[in-house]
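A.B. asks: Just passing along the structure, written as structure tokens.
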Amino acid sequence: MHALILYGTETGNAEACATAISEVFADTVDTEVHDLADMTPQAMLEAETDLVVFVTATYGEGEFAGGGATFFEALRETKPDLKGARFAVFGLGDSYYTTFNRAGETAATMLTALGGAQVGDTARHDTSSGDDPEETAEEWARGILAALATPVAS
């Protein structure tokens, strides 16, 4: 199994979480970790991956952080068919703001609308909680591995 882990960050937290997720996956899944600034929707589709994990922070007024803004705008414009593609979303935000974790929610909604199948729930790390984002990402990643191992009911 191969997973592509893509992150969008302003402060480095999403990158650190992407690395933590990759380390949890390491024993059972081959992974590649890339900044969304260095990825296009076309390159994502050509990656021949079994799962794409998006790790994105919410920035400003609910926008995608870092390269996420450009990537998801390109996704919105090109509207690729993601039928058969599996994805998972780990969002980071701060509940102090009304736009708490909007980027992660937007990513999940957009990917599903394009035909992608979400694995697990969208994670919503809250900076105000005081919880370590990397530890939260590791716990979430173990849940995603368990979801991948569970057969789909037909």
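Identifiers in the structure tokens: chain A, B, ... in order shown; residue index from 1 per chain; ligand index from 1 in order shown.
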Extract, using only C-alpha atoms, all DNA, RNA and protein residues at most 7 Å from A:Met1, discarding same-chain residues fewer than 3 positions from it, and format them as a list in words.
C.D. replies: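 My reading of the contact set: Val29, Asp30 and Asp50 of chain A.
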A.B. asks: Could the residues in this selection be written to a file with N, CA, C and O atoms, as a PDB file, in the first residue's frame?
C.D. replies:
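See selection_37.pdb below for the written result:
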```
ATOM      1  N   VAL A  29       2.720   0.953   5.561  1.00  0.00           N
ATOM      2  CA  VAL A  29       2.378   1.710   4.363  1.00  0.00           C
ATOM      3  C   VAL A  29       3.614   2.468   3.876  1.00  0.00           C
ATOM      4  O   VAL A  29       4.296   3.126   4.669  1.00  0.00           O
ATOM      5  N   ASP A  30       3.907   2.377   2.579  1.00  0.00           N
ATOM      6  CA  ASP A  30       4.957   3.216   1.995  1.00  0.00           C
ATOM      7  C   ASP A  30       4.390   4.624   1.879  1.00  0.00           C
ATOM      8  O   ASP A  30       3.261   4.795   1.412  1.00  0.00           O
ATOM      9  N   ASP A  50      -2.667   4.638  -3.047  1.00  0.00           N
ATOM     10  CA  ASP A  50      -3.873   4.018  -2.516  1.00  0.00           C
ATOM     11  C   ASP A  50      -4.648   4.952  -1.591  1.00  0.00           C
ATOM     12  O   ASP A  50      -5.827   4.746  -1.342  1.00  0.00           O
TER      13      ASP A  50
END
```
A.B. asks: Mind the document's chain letters and residue numbers, and return as an MDAnalysis selection string the residues of stretch 3-132 of chain A that DSSP labels alpha helix (DSSP H).
C.D. replies: chainID A and resid 13:25 41:46 68:78 102:113
A.B. asks: Of the candidates A:Phe100, A:Phe54, A:Phe64, A:Phe87, which one gets nearest to A:Leu148 if we count only C-alpha atoms?
C.D. replies: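 Under the stated criterion, the closest residue is A:Phe87.
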A.B. asks: Applying 8 Å and only C-alpha atoms, which residues near A:Ala57 remain after dropping the ones on its own chain fewer than 3 positions away? List them as JSON, numbers by chain.
C.D. replies: {"A": [8, 9, 10, 13, 14, 64, 65, 91, 92, 93, 101, 103, 104]}
A.B. asks: Generate the output file for the selected residues, all heavy atoms, as an mmCIF file, in the first residue's frame.
C.D. replies:
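Listed below is the output, again_0.cif:
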```cif
data_model
loop_
_atom_site.group_PDB
_atom_site.id
_atom_site.type_symbol
_atom_site.label_atom_id
_atom_site.label_comp_id
_atom_site.auth_asym_id
_atom_site.auth_seq_id
_atom_site.Cartn_x
_atom_site.Cartn_y
_atom_site.Cartn_z
ATOM 1 N N GLY A 8 -0.252 21.599 4.030
ATOM 2 C CA GLY A 8 -0.244 23.037 3.788
ATOM 3 C C GLY A 8 -0.071 23.729 5.124
ATOM 4 O O GLY A 8 -0.857 23.497 6.052
ATOM 5 N N THR A 9 0.954 24.548 5.251
ATOM 6 C CA THR A 9 1.278 25.117 6.560
ATOM 7 C C THR A 9 1.800 26.542 6.444
ATOM 8 O O THR A 9 2.351 26.920 5.414
ATOM 9 C CB THR A 9 2.311 24.220 7.283
ATOM 10 O OG1 THR A 9 2.426 24.609 8.642
ATOM 11 C CG2 THR A 9 3.664 24.246 6.596
ATOM 12 N N GLU A 10 1.605 27.307 7.494
ATOM 13 C CA GLU A 10 2.199 28.642 7.621
ATOM 14 C C GLU A 10 3.286 28.632 8.691
ATOM 15 O O GLU A 10 4.284 29.301 8.564
ATOM 16 C CB GLU A 10 1.128 29.687 8.001
ATOM 17 C CG GLU A 10 0.107 29.965 6.930
ATOM 18 C CD GLU A 10 0.658 30.709 5.719
ATOM 19 O OE1 GLU A 10 1.627 31.492 5.860
ATOM 20 O OE2 GLU A 10 0.122 30.506 4.621
ATOM 21 N N ASN A 13 3.436 23.575 11.784
ATOM 22 C CA ASN A 13 2.718 22.539 12.534
ATOM 23 C C ASN A 13 2.162 21.456 11.619
ATOM 24 O O ASN A 13 2.224 20.265 11.950
ATOM 25 C CB ASN A 13 1.584 23.151 13.359
ATOM 26 C CG ASN A 13 2.093 23.842 14.601
ATOM 27 O OD1 ASN A 13 3.180 23.553 15.087
ATOM 28 N ND2 ASN A 13 1.306 24.770 15.117
ATOM 29 N N ALA A 14 1.601 21.824 10.485
ATOM 30 C CA ALA A 14 1.038 20.822 9.574
ATOM 31 C C ALA A 14 2.142 19.936 9.009
ATOM 32 O O ALA A 14 1.954 18.730 8.850
ATOM 33 C CB ALA A 14 0.239 21.487 8.450
ATOM 34 N N PHE A 64 -7.041 28.076 3.303
ATOM 35 C CA PHE A 64 -6.012 27.052 3.393
ATOM 36 C C PHE A 64 -4.678 27.724 3.666
ATOM 37 O O PHE A 64 -4.371 28.768 3.101
ATOM 38 C CB PHE A 64 -5.911 26.276 2.071
ATOM 39 C CG PHE A 64 -7.086 25.395 1.805
ATOM 40 C CD1 PHE A 64 -8.094 25.803 0.954
ATOM 41 C CD2 PHE A 64 -7.191 24.157 2.416
ATOM 42 C CE1 PHE A 64 -9.188 24.992 0.706
ATOM 43 C CE2 PHE A 64 -8.271 23.338 2.181
ATOM 44 C CZ PHE A 64 -9.279 23.760 1.323
ATOM 45 N N ALA A 65 -3.878 27.096 4.504
ATOM 46 C CA ALA A 65 -2.552 27.623 4.812
ATOM 47 C C ALA A 65 -1.561 27.223 3.726
ATOM 48 O O ALA A 65 -1.729 26.211 3.043
ATOM 49 C CB ALA A 65 -2.078 27.091 6.164
ATOM 50 N N GLY A 91 -7.080 18.192 10.004
ATOM 51 C CA GLY A 91 -7.134 19.652 10.038
ATOM 52 C C GLY A 91 -6.580 20.212 11.335
ATOM 53 O O GLY A 91 -6.712 19.603 12.399
ATOM 54 N N LEU A 92 -5.961 21.360 11.226
ATOM 55 C CA LEU A 92 -5.464 22.068 12.396
ATOM 56 C C LEU A 92 -6.104 23.448 12.434
ATOM 57 O O LEU A 92 -6.262 24.092 11.387
ATOM 58 C CB LEU A 92 -3.940 22.235 12.337
ATOM 59 C CG LEU A 92 -3.138 20.953 12.371
ATOM 60 C CD1 LEU A 92 -2.597 20.643 10.988
ATOM 61 C CD2 LEU A 92 -2.011 21.076 13.363
ATOM 62 N N GLY A 93 -6.465 23.890 13.619
ATOM 63 C CA GLY A 93 -7.069 25.203 13.763
ATOM 64 C C GLY A 93 -7.101 25.612 15.221
ATOM 65 O O GLY A 93 -6.536 24.948 16.090
ATOM 66 N N ASN A 101 -10.966 25.377 11.953
ATOM 67 C CA ASN A 101 -10.776 24.193 11.116
ATOM 68 C C ASN A 101 -11.551 24.209 9.800
ATOM 69 O O ASN A 101 -11.849 23.156 9.235
ATOM 70 C CB ASN A 101 -11.107 22.925 11.906
ATOM 71 C CG ASN A 101 -9.880 22.081 12.120
ATOM 72 O OD1 ASN A 101 -9.245 21.692 11.162
ATOM 73 N ND2 ASN A 101 -9.556 21.817 13.354
ATOM 74 N N ALA A 103 -10.541 25.000 6.825
ATOM 75 C CA ALA A 103 -9.777 24.457 5.688
ATOM 76 C C ALA A 103 -9.922 22.941 5.608
ATOM 77 O O ALA A 103 -10.148 22.391 4.532
ATOM 78 C CB ALA A 103 -8.311 24.864 5.790
ATOM 79 N N GLY A 104 -9.810 22.254 6.730
ATOM 80 C CA GLY A 104 -9.969 20.800 6.726
ATOM 81 C C GLY A 104 -11.363 20.392 6.289
ATOM 82 O O GLY A 104 -11.540 19.452 5.505
#
```
A.B. asks: With the cut-off set at 9 Å and counting only C-alpha atoms, tabulate each residue of stretch 9-98 of chain A with an atom at most that distance from an atom of stretch 115-135 of chain A, showing the nearest atom pair and its distance in Å to one decimal, ordered by chain and increasing number, as JSON lines.
C.D. replies:
```
{"residue": "A:Asn13", "atom": "CA", "partner": "A:Pro133", "partner_atom": "CA", "distance": 7.3}
{"residue": "A:Ala14", "atom": "CA", "partner": "A:Pro133", "partner_atom": "CA", "distance": 8.5}
{"residue": "A:Ala16", "atom": "CA", "partner": "A:Glu134", "partner_atom": "CA", "distance": 6.6}
{"residue": "A:Cys17", "atom": "CA", "partner": "A:Glu134", "partner_atom": "CA", "distance": 4.9}
{"residue": "A:Ala18", "atom": "CA", "partner": "A:Glu134", "partner_atom": "CA", "distance": 8.4}
{"residue": "A:Thr19", "atom": "CA", "partner": "A:Glu134", "partner_atom": "CA", "distance": 8.6}
{"residue": "A:Ala20", "atom": "CA", "partner": "A:Glu134", "partner_atom": "CA", "distance": 6.0}
{"residue": "A:Ile21", "atom": "CA", "partner": "A:Glu134", "partner_atom": "CA", "distance": 8.1}
{"residue": "A:Leu51", "atom": "CA", "partner": "A:Val119", "partner_atom": "CA", "distance": 8.6}
{"residue": "A:Pro80", "atom": "CA", "partner": "A:Gly115", "partner_atom": "CA", "distance": 8.9}
{"residue": "A:Asp81", "atom": "CA", "partner": "A:Gly115", "partner_atom": "CA", "distance": 6.3}
{"residue": "A:Leu82", "atom": "CA", "partner": "A:Gly115", "partner_atom": "CA", "distance": 4.7}
{"residue": "A:Lys83", "atom": "CA", "partner": "A:Gly115", "partner_atom": "CA", "distance": 4.4}
{"residue": "A:Gly84", "atom": "CA", "partner": "A:Gly116", "partner_atom": "CA", "distance": 6.3}
{"residue": "A:Ala85", "atom": "CA", "partner": "A:Gly116", "partner_atom": "CA", "distance": 5.0}
{"residue": "A:Arg86", "atom": "CA", "partner": "A:Ala117", "partner_atom": "CA", "distance": 4.8}
{"residue": "A:Phe87", "atom": "CA", "partner": "A:Gln118", "partner_atom": "CA", "distance": 5.0}
{"residue": "A:Ala88", "atom": "CA", "partner": "A:Val119", "partner_atom": "CA", "distance": 5.3}
{"residue": "A:Val89", "atom": "CA", "partner": "A:Thr122", "partner_atom": "CA", "distance": 5.0}
{"residue": "A:Phe90", "atom": "CA", "partner": "A:Ala123", "partner_atom": "CA", "distance": 4.6}
{"residue": "A:Gly91", "atom": "CA", "partner": "A:Arg124", "partner_atom": "CA", "distance": 5.0}
{"residue": "A:Leu92", "atom": "CA", "partner": "A:His125", "partner_atom": "CA", "distance": 4.8}
{"residue": "A:Gly93", "atom": "CA", "partner": "A:Asp126", "partner_atom": "CA", "distance": 5.3}
{"residue": "A:Asp94", "atom": "CA", "partner": "A:Thr127", "partner_atom": "CA", "distance": 4.9}
{"residue": "A:Ser95", "atom": "CA", "partner": "A:Asp126", "partner_atom": "CA", "distance": 6.0}
{"residue": "A:Tyr96", "atom": "CA", "partner": "A:Ser128", "partner_atom": "CA", "distance": 6.9}
```
A.B. asks: List every residue of chain A that DSSP, applied to the backbone of this structure, assigns to strand (DSSP E or B), and report them as an NGL selection string.
C.D. replies: :A and (2-8 or 30-35 or 51-59 or 63-64 or 86-93 or 117-118 or 123-126)
A.B. asks: Can I get the selected residues back with C-alpha atoms, as an mmCIF file, in the first residue's frame?
C.D. replies:
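This is the output file out36.cif:
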```
data_model
loop_
_atom_site.group_PDB
_atom_site.id
_atom_site.type_symbol
_atom_site.label_atom_id
_atom_site.label_comp_id
_atom_site.auth_asym_id
_atom_site.auth_seq_id
_atom_site.Cartn_x
_atom_site.Cartn_y
_atom_site.Cartn_z
ATOM 1 C CA HIS A 2 1.188 3.510 -0.813
ATOM 2 C CA ALA A 3 0.066 6.788 0.776
ATOM 3 C CA LEU A 4 0.740 10.304 -0.376
ATOM 4 C CA ILE A 5 0.756 12.744 2.547
ATOM 5 C CA LEU A 6 0.294 16.373 1.521
ATOM 6 C CA TYR A 7 0.491 19.320 3.897
ATOM 7 C CA GLY A 8 -0.244 23.037 3.788
ATOM 8 C CA ASP A 30 4.957 3.216 1.995
ATOM 9 C CA THR A 31 4.628 6.981 2.259
ATOM 10 C CA GLU A 32 5.725 10.131 0.499
ATOM 11 C CA VAL A 33 5.362 13.497 2.246
ATOM 12 C CA HIS A 34 5.078 16.664 0.140
ATOM 13 C CA ASP A 35 4.236 20.305 0.655
ATOM 14 C CA LEU A 51 -4.565 6.888 -0.106
ATOM 15 C CA VAL A 52 -3.983 10.628 -0.098
ATOM 16 C CA VAL A 53 -3.756 12.225 3.337
ATOM 17 C CA PHE A 54 -4.261 15.983 3.502
ATOM 18 C CA VAL A 55 -2.842 17.775 6.533
ATOM 19 C CA THR A 56 -3.962 21.362 6.428
ATOM 20 C CA ALA A 57 -4.047 24.269 8.799
ATOM 21 C CA THR A 58 -6.686 26.961 8.635
ATOM 22 C CA TYR A 59 -5.238 30.414 8.066
ATOM 23 C CA GLU A 63 -8.429 29.871 4.097
ATOM 24 C CA PHE A 64 -6.012 27.052 3.393
ATOM 25 C CA ARG A 86 -9.432 7.390 -1.122
ATOM 26 C CA PHE A 87 -8.462 10.302 1.067
ATOM 27 C CA ALA A 88 -8.184 11.316 4.721
ATOM 28 C CA VAL A 89 -8.017 14.811 6.225
ATOM 29 C CA PHE A 90 -6.213 16.028 9.335
ATOM 30 C CA GLY A 91 -7.134 19.652 10.038
ATOM 31 C CA LEU A 92 -5.464 22.068 12.396
ATOM 32 C CA GLY A 93 -7.069 25.203 13.763
ATOM 33 C CA ALA A 117 -14.076 8.354 -0.728
ATOM 34 C CA GLN A 118 -13.111 9.585 2.727
ATOM 35 C CA ALA A 123 -9.527 15.331 12.395
ATOM 36 C CA ARG A 124 -9.975 18.739 14.000
ATOM 37 C CA HIS A 125 -6.969 19.548 16.155
ATOM 38 C CA ASP A 126 -7.605 22.600 18.354
#
```
A.B. asks: Do you have the atom CA of A:Gly66-atom CA of A:Asp38 distance handy?
C.D. replies: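 Separation between atom CA of A:Gly66 and atom CA of A:Asp38: 10.5 Å.
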A.B. asks: Using Å and a single decimal, report how far atom CA of A:Ala74 sits from atom CA of A:Thr109.
C.D. replies: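 Value for the atom CA of A:Thr109-atom CA of A:Ala74 distance: 15.3 Å.
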A.B. asks: Counting only C-alpha atoms, which of A:Ala146, A:Gly68, A:Arg76, A:Asp27 gets nearest to A:Met39?
C.D. replies: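 Looking only at the distances to A:Met39, the closest residue turns out to be A:Gly68.
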